[in-house]
$ cat input-v3.csv   # CSV, C-alpha atoms and all ligand atoms
chain,number,residue,atom,x,y,z
A,1,MET,CA,99.0,136.2,85.6
A,2,PRO,CA,100.8,134.2,82.8
A,3,ASP,CA,101.0,130.5,83.7
A,4,LEU,CA,104.8,130.3,83.3
A,5,LEU,CA,106.8,127.7,85.3
A,6,LEU,CA,109.0,130.4,86.9
A,7,PRO,CA,111.1,129.6,89.9
A,8,ASP,CA,109.6,132.6,91.8
A,9,MET,CA,106.1,130.9,91.4
A,10,LEU,CA,107.2,127.4,92.3
A,11,ALA,CA,109.8,127.8,95.0
A,12,PRO,CA,107.5,129.2,97.8
A,13,PRO,CA,104.9,126.4,97.7
A,14,LEU,CA,107.8,123.8,97.4
A,15,HIS,CA,109.5,125.1,100.6
A,16,GLY,CA,110.5,122.1,102.7
A,17,THR,CA,110.8,119.8,99.8
A,18,ILE,CA,114.1,118.8,98.1
A,19,PHE,CA,113.0,120.7,95.0
A,20,SER,CA,112.7,124.2,96.3
A,21,LYS,CA,116.3,125.5,96.1
A,22,HIS,CA,117.7,124.9,92.6
A,23,ILE,CA,114.9,125.5,90.1
A,24,HIS,CA,116.1,126.3,86.5
A,25,HIS,CA,113.6,127.6,84.0
A,26,TYR,CA,114.2,127.9,80.2
A,27,TYR,CA,111.9,129.5,77.7
A,28,LYS,CA,113.4,127.3,75.0
A,29,ILE,CA,115.9,124.4,75.3
A,30,GLY,CA,116.8,121.2,73.4
A,31,SER,CA,115.8,118.8,76.2
A,32,THR,CA,115.5,119.3,80.0
A,33,ASN,CA,116.8,115.8,80.5
A,34,THR,CA,120.0,116.6,78.6
A,35,ALA,CA,120.4,119.8,80.6
A,36,ALA,CA,119.9,117.8,83.9
A,37,MET,CA,122.3,115.1,82.9
A,38,GLU,CA,125.0,117.7,82.1
A,39,ALA,CA,124.3,119.4,85.4
A,40,GLY,CA,124.5,116.1,87.2
A,41,ASN,CA,127.9,115.5,85.6
A,42,GLY,CA,129.0,119.0,86.7
A,43,GLY,CA,128.1,118.2,90.3
A,44,ALA,CA,124.7,119.9,90.6
A,45,PRO,CA,123.0,119.1,93.9
A,46,GLU,CA,120.2,116.6,94.4
A,47,GLY,CA,116.8,118.1,94.0
A,48,SER,CA,117.8,120.4,91.1
A,49,VAL,CA,114.8,121.0,88.8
A,50,PHE,CA,114.9,121.8,85.1
A,51,LEU,CA,111.8,123.2,83.5
A,52,ALA,CA,111.1,124.4,80.0
A,53,GLU,CA,108.3,126.2,78.3
A,54,GLN,CA,109.4,124.6,75.0
A,55,GLN,CA,111.8,121.8,74.0
A,56,THR,CA,113.2,121.7,70.5
A,57,ALA,CA,114.6,118.2,70.9
A,58,GLY,CA,112.4,116.6,73.6
A,59,ARG,CA,113.4,113.0,74.0
A,60,GLY,CA,111.3,110.0,74.7
A,61,ARG,CA,112.3,106.4,75.5
A,62,GLY,CA,114.3,104.6,72.8
A,63,ALA,CA,114.8,106.8,69.8
A,64,HIS,CA,111.4,108.5,70.2
A,65,GLN,CA,110.9,112.3,70.3
A,66,TRP,CA,108.6,114.1,72.8
A,67,HIS,CA,106.3,116.6,71.2
A,68,SER,CA,107.0,119.7,73.3
A,69,THR,CA,105.0,122.8,72.0
A,70,ARG,CA,105.4,126.1,73.8
A,71,SER,CA,103.7,126.5,77.2
A,72,SER,CA,101.1,123.9,76.7
A,73,GLY,CA,102.7,121.0,78.5
A,74,ILE,CA,104.9,120.4,81.5
A,75,TYR,CA,108.5,119.5,80.5
A,76,CYS,CA,110.3,118.8,83.8
A,77,SER,CA,113.5,117.0,84.7
A,78,VAL,CA,114.7,116.4,88.3
A,79,LEU,CA,118.2,115.4,89.4
A,80,LEU,CA,118.4,112.8,92.2
A,81,ARG,CA,121.4,111.2,93.9
A,82,PRO,CA,120.0,108.1,95.6
A,83,ALA,CA,122.4,105.8,97.4
A,84,VAL,CA,121.3,102.7,95.6
A,85,PRO,CA,122.8,100.2,93.1
A,86,PRO,CA,121.6,100.6,89.5
A,87,SER,CA,119.5,97.5,89.8
A,88,ASP,CA,117.3,99.3,92.2
A,89,ALA,CA,116.7,102.4,90.0
A,90,LEU,CA,113.6,101.3,88.2
A,91,ILE,CA,111.5,102.0,91.2
A,92,LEU,CA,112.5,105.7,90.9
A,93,SER,CA,110.7,105.8,87.6
A,94,LEU,CA,107.7,104.1,89.0
A,95,ILE,CA,107.4,106.7,91.8
A,96,ALA,CA,107.3,109.4,89.1
A,97,GLY,CA,104.2,107.7,87.6
A,98,LEU,CA,102.6,107.6,91.0
A,99,ALA,CA,103.5,111.2,91.6
A,100,VAL,CA,101.9,112.3,88.3
A,101,TYR,CA,98.8,110.2,89.2
A,102,SER,CA,98.4,111.8,92.6
A,103,ALA,CA,99.0,115.3,91.4
A,104,VAL,CA,96.3,115.1,88.7
A,105,GLN,CA,93.9,113.5,91.1
A,106,GLU,CA,94.5,116.2,93.7
A,107,ILE,CA,93.5,118.8,91.2
A,108,ASP,CA,90.6,117.0,89.5
A,109,SER,CA,89.6,113.7,91.1
A,110,ARG,CA,87.2,112.9,88.2
A,111,VAL,CA,90.1,112.3,85.8
A,112,MET,CA,90.5,108.5,85.4
A,113,LEU,CA,94.2,107.8,85.0
A,114,ASP,CA,95.8,104.5,84.2
A,115,LEU,CA,99.6,103.7,84.7
A,116,LYS,CA,101.2,101.6,82.0
A,117,TRP,CA,104.4,99.9,83.0
A,118,PRO,CA,107.0,101.2,83.2
A,119,ASN,CA,106.6,104.8,82.2
A,120,ASP,CA,103.4,105.9,80.7
A,121,VAL,CA,100.3,107.5,82.1
A,122,LEU,CA,97.2,107.0,80.1
A,123,ILE,CA,93.6,108.3,80.0
A,124,GLU,CA,91.1,106.2,78.0
A,125,GLY,CA,94.1,104.4,76.5
A,126,LYS,CA,95.8,107.5,75.2
A,127,LYS,CA,99.0,108.8,76.5
A,128,VAL,CA,98.9,112.0,78.7
A,129,CYS,CA,102.3,111.7,80.2
A,130,GLY,CA,105.6,110.0,79.5
A,131,ILE,CA,108.6,109.5,81.8
A,132,LEU,CA,112.2,109.1,80.7
A,133,THR,CA,114.5,108.1,83.5
A,134,GLU,CA,118.2,108.1,82.8
A,135,MET,CA,121.2,107.5,85.0
A,136,ASN,CA,124.9,107.8,85.3
A,137,ALA,CA,126.2,104.8,87.4
A,138,GLU,CA,129.1,102.6,88.4
A,139,VAL,CA,128.2,98.9,88.4
A,140,THR,CA,127.4,99.0,92.1
A,141,ARG,CA,126.5,102.6,92.7
A,142,VAL,CA,124.3,105.2,91.1
A,143,ARG,CA,126.0,108.5,90.7
A,144,TYR,CA,122.9,110.4,89.7
A,145,VAL,CA,119.5,109.8,88.1
A,146,VAL,CA,117.5,112.2,86.0
A,147,VAL,CA,113.7,111.7,86.0
A,148,GLY,CA,112.2,113.5,83.0
A,149,ILE,CA,108.4,114.0,83.0
A,150,GLY,CA,106.4,115.3,80.1
A,151,ILE,CA,102.7,116.0,80.7
A,152,ASN,CA,100.3,117.0,78.0
A,153,VAL,CA,98.3,119.7,79.8
A,154,ASN,CA,96.7,122.4,77.7
A,155,GLN,CA,97.2,121.1,74.1
A,156,SER,CA,94.0,121.5,72.2
A,157,SER,CA,95.2,119.3,69.3
A,158,PHE,CA,98.1,117.1,68.3
A,159,PRO,CA,99.8,116.5,65.0
A,160,ALA,CA,98.1,113.9,62.8
A,161,ASP,CA,100.5,111.1,63.7
A,162,LEU,CA,99.8,111.5,67.4
A,163,GLN,CA,96.1,112.1,67.4
A,164,THR,CA,95.1,108.5,68.0
A,165,ILE,CA,97.7,107.8,70.7
A,166,ALA,CA,98.0,111.1,72.7
A,167,THR,CA,95.7,113.2,74.7
A,168,SER,CA,95.9,116.2,77.1
A,169,LEU,CA,94.2,117.1,80.4
A,170,ARG,CA,92.4,119.9,78.6
A,171,LEU,CA,91.1,117.6,75.9
A,172,VAL,CA,89.6,115.2,78.4
A,173,THR,CA,88.3,117.7,80.9
A,174,GLY,CA,87.3,120.6,78.5
A,175,THR,CA,89.0,123.1,80.8
A,176,GLU,CA,92.3,124.9,80.9
A,177,TRP,CA,94.7,123.7,83.6
A,178,SER,CA,97.1,125.8,85.7
A,179,ARG,CA,100.5,124.3,84.9
A,180,VAL,CA,102.0,126.1,87.9
A,181,GLU,CA,99.4,124.4,90.2
A,182,LEU,CA,99.9,121.0,88.6
A,183,CYS,CA,103.7,121.2,88.5
A,184,THR,CA,103.7,122.2,92.2
A,185,ALA,CA,101.5,119.3,93.1
A,186,LEU,CA,103.7,117.0,91.0
A,187,LEU,CA,107.0,118.0,92.7
A,188,LYS,CA,105.4,117.9,96.2
A,189,SER,CA,104.1,114.4,95.5
A,190,LEU,CA,107.5,113.3,94.0
A,191,ASP,CA,109.3,114.6,97.1
A,192,ARG,CA,107.0,112.6,99.4
A,193,GLU,CA,107.4,109.4,97.4
A,194,TYR,CA,111.2,109.8,97.0
A,195,ARG,CA,111.9,110.7,100.6
A,196,GLY,CA,109.6,107.9,101.8
A,197,LEU,CA,111.6,105.4,99.7
A,198,MET,CA,115.0,106.7,100.8
A,199,GLU,CA,114.2,106.9,104.5
A,200,ASN,CA,112.5,103.5,104.5
A,201,PRO,CA,113.6,101.1,101.8
A,202,GLY,CA,110.8,98.8,103.1
A,203,SER,CA,108.3,101.2,101.5
A,204,ALA,CA,109.2,99.7,98.1
A,205,ALA,CA,106.6,97.0,98.7
A,206,SER,CA,103.9,99.7,99.2
A,207,ILE,CA,105.0,101.6,96.1
A,208,LEU,CA,104.8,98.4,94.0
A,209,HIS,CA,101.4,97.7,95.5
A,210,ARG,CA,100.1,101.1,94.7
A,211,PHE,CA,101.5,101.0,91.2
A,212,GLN,CA,99.7,97.8,90.5
A,213,GLU,CA,96.4,99.1,92.0
A,214,ARG,CA,96.6,102.1,89.6
A,215,SER,CA,97.4,100.1,86.5
A,216,SER,CA,94.8,98.1,84.5
A,217,SER,CA,97.5,96.3,82.5
A,218,VAL,CA,100.1,95.1,85.0
A,219,ARG,CA,98.0,91.9,85.6
A,220,GLY,CA,95.9,89.7,83.4
A,221,ARG,CA,96.5,91.5,80.1
A,222,GLN,CA,97.7,89.9,76.9
A,223,VAL,CA,100.9,91.7,75.8
A,224,GLU,CA,103.6,91.6,73.2
A,225,VAL,CA,107.1,92.4,74.4
A,226,GLU,CA,109.6,93.8,72.0
A,227,GLU,CA,112.7,92.4,73.6
A,228,ASN,CA,115.4,90.3,72.0
A,229,ALA,CA,113.4,88.1,69.5
A,230,GLY,CA,110.2,89.3,71.1
A,231,PHE,CA,107.6,87.3,73.1
A,232,GLU,CA,104.0,87.4,74.1
A,233,GLY,CA,102.0,86.3,77.1
A,234,VAL,CA,99.8,87.5,80.0
A,235,THR,CA,101.0,90.1,82.5
A,236,GLU,CA,101.5,88.7,86.1
A,237,GLY,CA,102.4,91.7,88.2
A,238,LEU,CA,105.7,93.2,89.2
A,239,ASP,CA,108.7,91.6,90.9
A,240,SER,CA,110.3,93.0,94.0
A,241,ARG,CA,112.4,95.5,92.0
A,242,GLY,CA,109.5,96.6,89.9
A,243,PHE,CA,110.1,94.6,86.7
A,244,LEU,CA,107.1,93.3,84.8
A,245,GLN,CA,106.4,89.6,84.9
A,246,VAL,CA,104.8,87.9,81.9
A,247,ARG,CA,103.5,84.4,81.8
A,248,THR,CA,104.4,82.8,78.4
A,249,ALA,CA,104.0,79.4,77.0
A,250,GLN,CA,107.6,78.7,78.1
A,251,GLY,CA,107.1,79.9,81.7
A,252,LEU,CA,107.3,83.2,83.6
A,253,ARG,CA,109.5,85.8,82.0
A,254,THR,CA,110.8,89.1,83.3
A,255,VAL,CA,110.6,92.1,81.1
A,256,LEU,CA,113.9,93.9,81.5
A,257,SER,CA,113.9,96.7,79.0
A,258,GLY,CA,111.6,96.2,76.1
A,259,THR,CA,108.5,98.0,74.9
A,260,VAL,CA,105.3,96.4,76.0
A,261,ARG,CA,102.3,96.5,73.6
A,262,LEU,CA,98.9,95.8,75.0
A,263,ARG,CA,96.8,93.5,72.8
B,301,LIG,C1,108.4,108.6,76.7
B,301,LIG,O1,107.2,108.5,76.9
B,301,LIG,O2,109.0,108.1,75.8
B,301,LIG,C2,109.1,109.5,77.7
B,301,LIG,C3,108.9,111.0,77.4
B,301,LIG,C4,109.6,111.9,78.4
B,301,LIG,C5,109.5,113.4,78.0
B,301,LIG,C6,110.1,114.3,79.0
B,301,LIG,S1,109.7,116.0,78.7
B,301,LIG,C7,110.8,116.4,79.9
B,301,LIG,C8,112.0,115.5,79.8
B,301,LIG,N1,113.0,116.1,78.8
B,301,LIG,C9,113.0,115.2,77.7
B,301,LIG,O3,113.8,115.5,76.7
B,301,LIG,N2,112.3,114.2,77.9
B,301,LIG,C10,111.6,114.2,79.1

$ encode --input "input-v3.csv" --output "structure tokens" --more "lines below"
Ligand code: BTN
Amino acid sequence: MPDLLLPDMLAPPLHGTIFSKHIHHYYKIGSTNTAAMEAGNGGAPEGSVFLAEQQTAGRGRGAHQWHSTRSSGIYCSVLLRPAVPPSDALILSLIAGLAVYSAVQEIDSRVMLDLKWPNDVLIEGKKVCGILTEMNAEVTRVRYVVVGIGINVNQSSFPADLQTIATSLRLVTGTEWSRVELCTALLKSLDREYRGLMENPGSAASILHRFQERSSSVRGRQVEVEENAGFEGVTEGLDSRGFLQVRTAQGLRTVLSGTVRLR
């Protein structure tokens, strides 16, 4: 059975989640996030899923690219239409990290993952997953959000420039993973987190708590923040909307957008 992320394989186990009905699969595409944003603009329903075996223009945060070789990773974007203001959207990105964390743990509880705010999942300090959350919004109302998740699953090597910073589940466990099984677990977990949050906005506190528990760097780590002129300090947890707080010589600062480097 080839391990392809085909709708016929994913839809039955996803029955009952918001992700079961509109799964789009591409053998080759520029970027699943771009496809999902275009679909969002065209009125596609909440829960639409865009999966690719290969991306030719996979996008990361900022101007970065996402290395997306054929059938070795999971390249997945989901379209959400949450009834929230844009200022509350960061937490949607954080739940994606939690969902990746749970999905990997469900399949192999020996894998030690570490969430790095806001969007990375690390193993032994190397990146195994990146999340790119994009949105289309009015000032007071989100029209739609696309959460794009890239997981390095069965890569046996990386290009020279990524070798020291990236890893895959196969490289750390020594075994081949079923992408279908992992992708199913991921979407089920994301469905649980998202519906929990939408049905009970009070669950944001538990999400932030769980994120902090699963992150070694969100508290007590010396960091450099590349924001405006740049600043450095020691991380001091997340605020109520999920923004990172950093204690600097000038006082407590909130990281709004920048890249955070661990020192
Ligand atoms: C990052 O770490 O900078 C975020 C990487 C996000 C990569 C995923 S792969 C699926 C989706 N489509 C894209 O073009 N990007 C995201």

$ residues_near_ligand --input "input-v3.csv" --ligand "ligand LIG 301 (chain B)" --cutoff "6 Å" --atoms "all atoms listed in the file" --output "VMD selection string"
chain A and resid 31 to 33 58 to 61 66 75 to 77 120 130 to 132 148 to 150

$ atom_distance --input "input-v3.csv" --atom1 "CA of Gly258 in chain A" --atom2 "CA of Glu226 in chain A"
5.2 Å

$ residues_around --input "input-v3.csv" --residues "Thr235 in chain A" --least-positions-apart "3" --cutoff "6 Å" --atoms "all atoms listed in the file" --output "short mmCIF file (atom, residue, chain, number, x, y, z; two decimals) with C-alpha atoms, in the coordinates of the input"
data_model
loop_
_atom_site.label_atom_id
_atom_site.label_comp_id
_atom_site.auth_asym_id
_atom_site.auth_seq_id
_atom_site.Cartn_x
_atom_site.Cartn_y
_atom_site.Cartn_z
CA VAL A 218 100.10 95.10 85.00
CA ARG A 219 98.00 91.90 85.60
CA GLY A 220 95.90 89.70 83.40
CA ARG A 221 96.50 91.50 80.10
CA GLN A 245 106.40 89.60 84.90
CA VAL A 246 104.80 87.90 81.90
#

$ closest_residue --input "input-v3.csv" --among "A:Thr167, A:Ser48, A:Thr173, A:Ser189" --to "Ser109 in chain A" --atoms "only C-alpha atoms"
A:Thr173

$ atom_distance --input "input-v3.csv" --atom1 "CA of Tyr26 in chain A" --atom2 "CA of Ser68 in chain A"
12.9 Å

$ atom_distance --input "input-v3.csv" --atom1 "CA of Gly233 in chain A" --atom2 "CA of Ser216 in chain A"
15.7 Å

$ closest_residue --input "input-v3.csv" --among "A:Ala205, A:Ala44, A:Val223, A:Leu98" --to "Asp239 in chain A" --atoms "only C-alpha atoms"
A:Ala205

$ build_atoms --input "input-v3.csv" --residues "range 84-111 of chain A" --atoms "N, CA and C atoms" --output "PDB file, in the coordinates of the input"
ATOM      1  N   VAL A  84     121.787 104.012  95.924  1.00  0.00           N
ATOM      2  CA  VAL A  84     121.300 102.700  95.600  1.00  0.00           C
ATOM      3  C   VAL A  84     122.137 102.109  94.427  1.00  0.00           C
ATOM      4  N   PRO A  85     122.137 100.782  94.279  1.00  0.00           N
ATOM      5  CA  PRO A  85     122.800 100.200  93.100  1.00  0.00           C
ATOM      6  C   PRO A  85     121.879 100.416  91.868  1.00  0.00           C
ATOM      7  N   PRO A  86     122.466 100.383  90.658  1.00  0.00           N
ATOM      8  CA  PRO A  86     121.600 100.600  89.500  1.00  0.00           C
ATOM      9  C   PRO A  86     120.470  99.662  89.344  1.00  0.00           C
ATOM     10  N   SER A  87     120.617  98.449  89.872  1.00  0.00           N
ATOM     11  CA  SER A  87     119.500  97.500  89.800  1.00  0.00           C
ATOM     12  C   SER A  87     118.276  97.896  90.524  1.00  0.00           C
ATOM     13  N   ASP A  88     118.430  98.870  91.435  1.00  0.00           N
ATOM     14  CA  ASP A  88     117.300  99.300  92.200  1.00  0.00           C
ATOM     15  C   ASP A  88     116.666 100.624  91.640  1.00  0.00           C
ATOM     16  N   ALA A  89     117.145 101.049  90.478  1.00  0.00           N
ATOM     17  CA  ALA A  89     116.700 102.400  90.000  1.00  0.00           C
ATOM     18  C   ALA A  89     115.359 102.413  89.342  1.00  0.00           C
ATOM     19  N   LEU A  90     114.885 101.255  88.885  1.00  0.00           N
ATOM     20  CA  LEU A  90     113.600 101.300  88.200  1.00  0.00           C
ATOM     21  C   LEU A  90     112.484 101.855  89.033  1.00  0.00           C
ATOM     22  N   ILE A  91     112.547 101.576  90.316  1.00  0.00           N
ATOM     23  CA  ILE A  91     111.500 102.000  91.200  1.00  0.00           C
ATOM     24  C   ILE A  91     111.372 103.561  91.248  1.00  0.00           C
ATOM     25  N   LEU A  92     112.493 104.231  90.940  1.00  0.00           N
ATOM     26  CA  LEU A  92     112.500 105.700  90.900  1.00  0.00           C
ATOM     27  C   LEU A  92     111.589 106.194  89.749  1.00  0.00           C
ATOM     28  N   SER A  93     111.588 105.421  88.692  1.00  0.00           N
ATOM     29  CA  SER A  93     110.700 105.800  87.600  1.00  0.00           C
ATOM     30  C   SER A  93     109.280 105.477  87.894  1.00  0.00           C
ATOM     31  N   LEU A  94     109.060 104.403  88.648  1.00  0.00           N
ATOM     32  CA  LEU A  94     107.700 104.100  89.000  1.00  0.00           C
ATOM     33  C   LEU A  94     107.089 105.098  89.954  1.00  0.00           C
ATOM     34  N   ILE A  95     107.919 105.645  90.875  1.00  0.00           N
ATOM     35  CA  ILE A  95     107.400 106.700  91.800  1.00  0.00           C
ATOM     36  C   ILE A  95     106.999 107.934  91.028  1.00  0.00           C
ATOM     37  N   ALA A  96     107.678 108.188  89.919  1.00  0.00           N
ATOM     38  CA  ALA A  96     107.300 109.400  89.100  1.00  0.00           C
ATOM     39  C   ALA A  96     105.911 109.212  88.560  1.00  0.00           C
ATOM     40  N   GLY A  97     105.600 108.006  88.084  1.00  0.00           N
ATOM     41  CA  GLY A  97     104.200 107.700  87.600  1.00  0.00           C
ATOM     42  C   GLY A  97     103.217 107.913  88.694  1.00  0.00           C
ATOM     43  N   LEU A  98     103.539 107.399  89.880  1.00  0.00           N
ATOM     44  CA  LEU A  98     102.600 107.600  91.000  1.00  0.00           C
ATOM     45  C   LEU A  98     102.439 109.022  91.375  1.00  0.00           C
ATOM     46  N   ALA A  99     103.532 109.791  91.285  1.00  0.00           N
ATOM     47  CA  ALA A  99     103.500 111.200  91.600  1.00  0.00           C
ATOM     48  C   ALA A  99     102.585 111.974  90.643  1.00  0.00           C
ATOM     49  N   VAL A 100     102.712 111.646  89.362  1.00  0.00           N
ATOM     50  CA  VAL A 100     101.900 112.300  88.300  1.00  0.00           C
ATOM     51  C   VAL A 100     100.398 111.940  88.630  1.00  0.00           C
ATOM     52  N   TYR A 101     100.173 110.679  88.913  1.00  0.00           N
ATOM     53  CA  TYR A 101      98.800 110.200  89.200  1.00  0.00           C
ATOM     54  C   TYR A 101      98.187 110.991  90.338  1.00  0.00           C
ATOM     55  N   SER A 102      98.932 111.104  91.467  1.00  0.00           N
ATOM     56  CA  SER A 102      98.400 111.800  92.600  1.00  0.00           C
ATOM     57  C   SER A 102      98.177 113.284  92.347  1.00  0.00           C
ATOM     58  N   ALA A 103      99.122 113.891  91.615  1.00  0.00           N
ATOM     59  CA  ALA A 103      99.000 115.300  91.400  1.00  0.00           C
ATOM     60  C   ALA A 103      97.774 115.642  90.542  1.00  0.00           C
ATOM     61  N   VAL A 104      97.524 114.849  89.516  1.00  0.00           N
ATOM     62  CA  VAL A 104      96.300 115.100  88.700  1.00  0.00           C
ATOM     63  C   VAL A 104      95.074 114.873  89.492  1.00  0.00           C
ATOM     64  N   GLN A 105      95.049 113.795  90.277  1.00  0.00           N
ATOM     65  CA  GLN A 105      93.900 113.500  91.100  1.00  0.00           C
ATOM     66  C   GLN A 105      93.586 114.547  92.141  1.00  0.00           C
ATOM     67  N   GLU A 106      94.674 115.127  92.687  1.00  0.00           N
ATOM     68  CA  GLU A 106      94.500 116.200  93.700  1.00  0.00           C
ATOM     69  C   GLU A 106      93.788 117.382  93.106  1.00  0.00           C
ATOM     70  N   ILE A 107      94.063 117.649  91.833  1.00  0.00           N
ATOM     71  CA  ILE A 107      93.500 118.800  91.200  1.00  0.00           C
ATOM     72  C   ILE A 107      92.083 118.519  90.633  1.00  0.00           C
ATOM     73  N   ASP A 108      91.911 117.337  90.046  1.00  0.00           N
ATOM     74  CA  ASP A 108      90.600 117.000  89.500  1.00  0.00           C
ATOM     75  C   ASP A 108      90.409 115.449  89.705  1.00  0.00           C
ATOM     76  N   SER A 109      89.681 115.098  90.761  1.00  0.00           N
ATOM     77  CA  SER A 109      89.600 113.700  91.100  1.00  0.00           C
ATOM     78  C   SER A 109      88.696 112.910  90.108  1.00  0.00           C
ATOM     79  N   ARG A 110      88.060 113.641  89.160  1.00  0.00           N
ATOM     80  CA  ARG A 110      87.200 112.900  88.200  1.00  0.00           C
ATOM     81  C   ARG A 110      88.030 112.334  87.042  1.00  0.00           C
ATOM     82  N   VAL A 111      89.289 112.800  86.902  1.00  0.00           N
ATOM     83  CA  VAL A 111      90.100 112.300  85.800  1.00  0.00           C
ATOM     84  C   VAL A 111      90.551 110.868  86.092  1.00  0.00           C
TER      85      VAL A 111
END
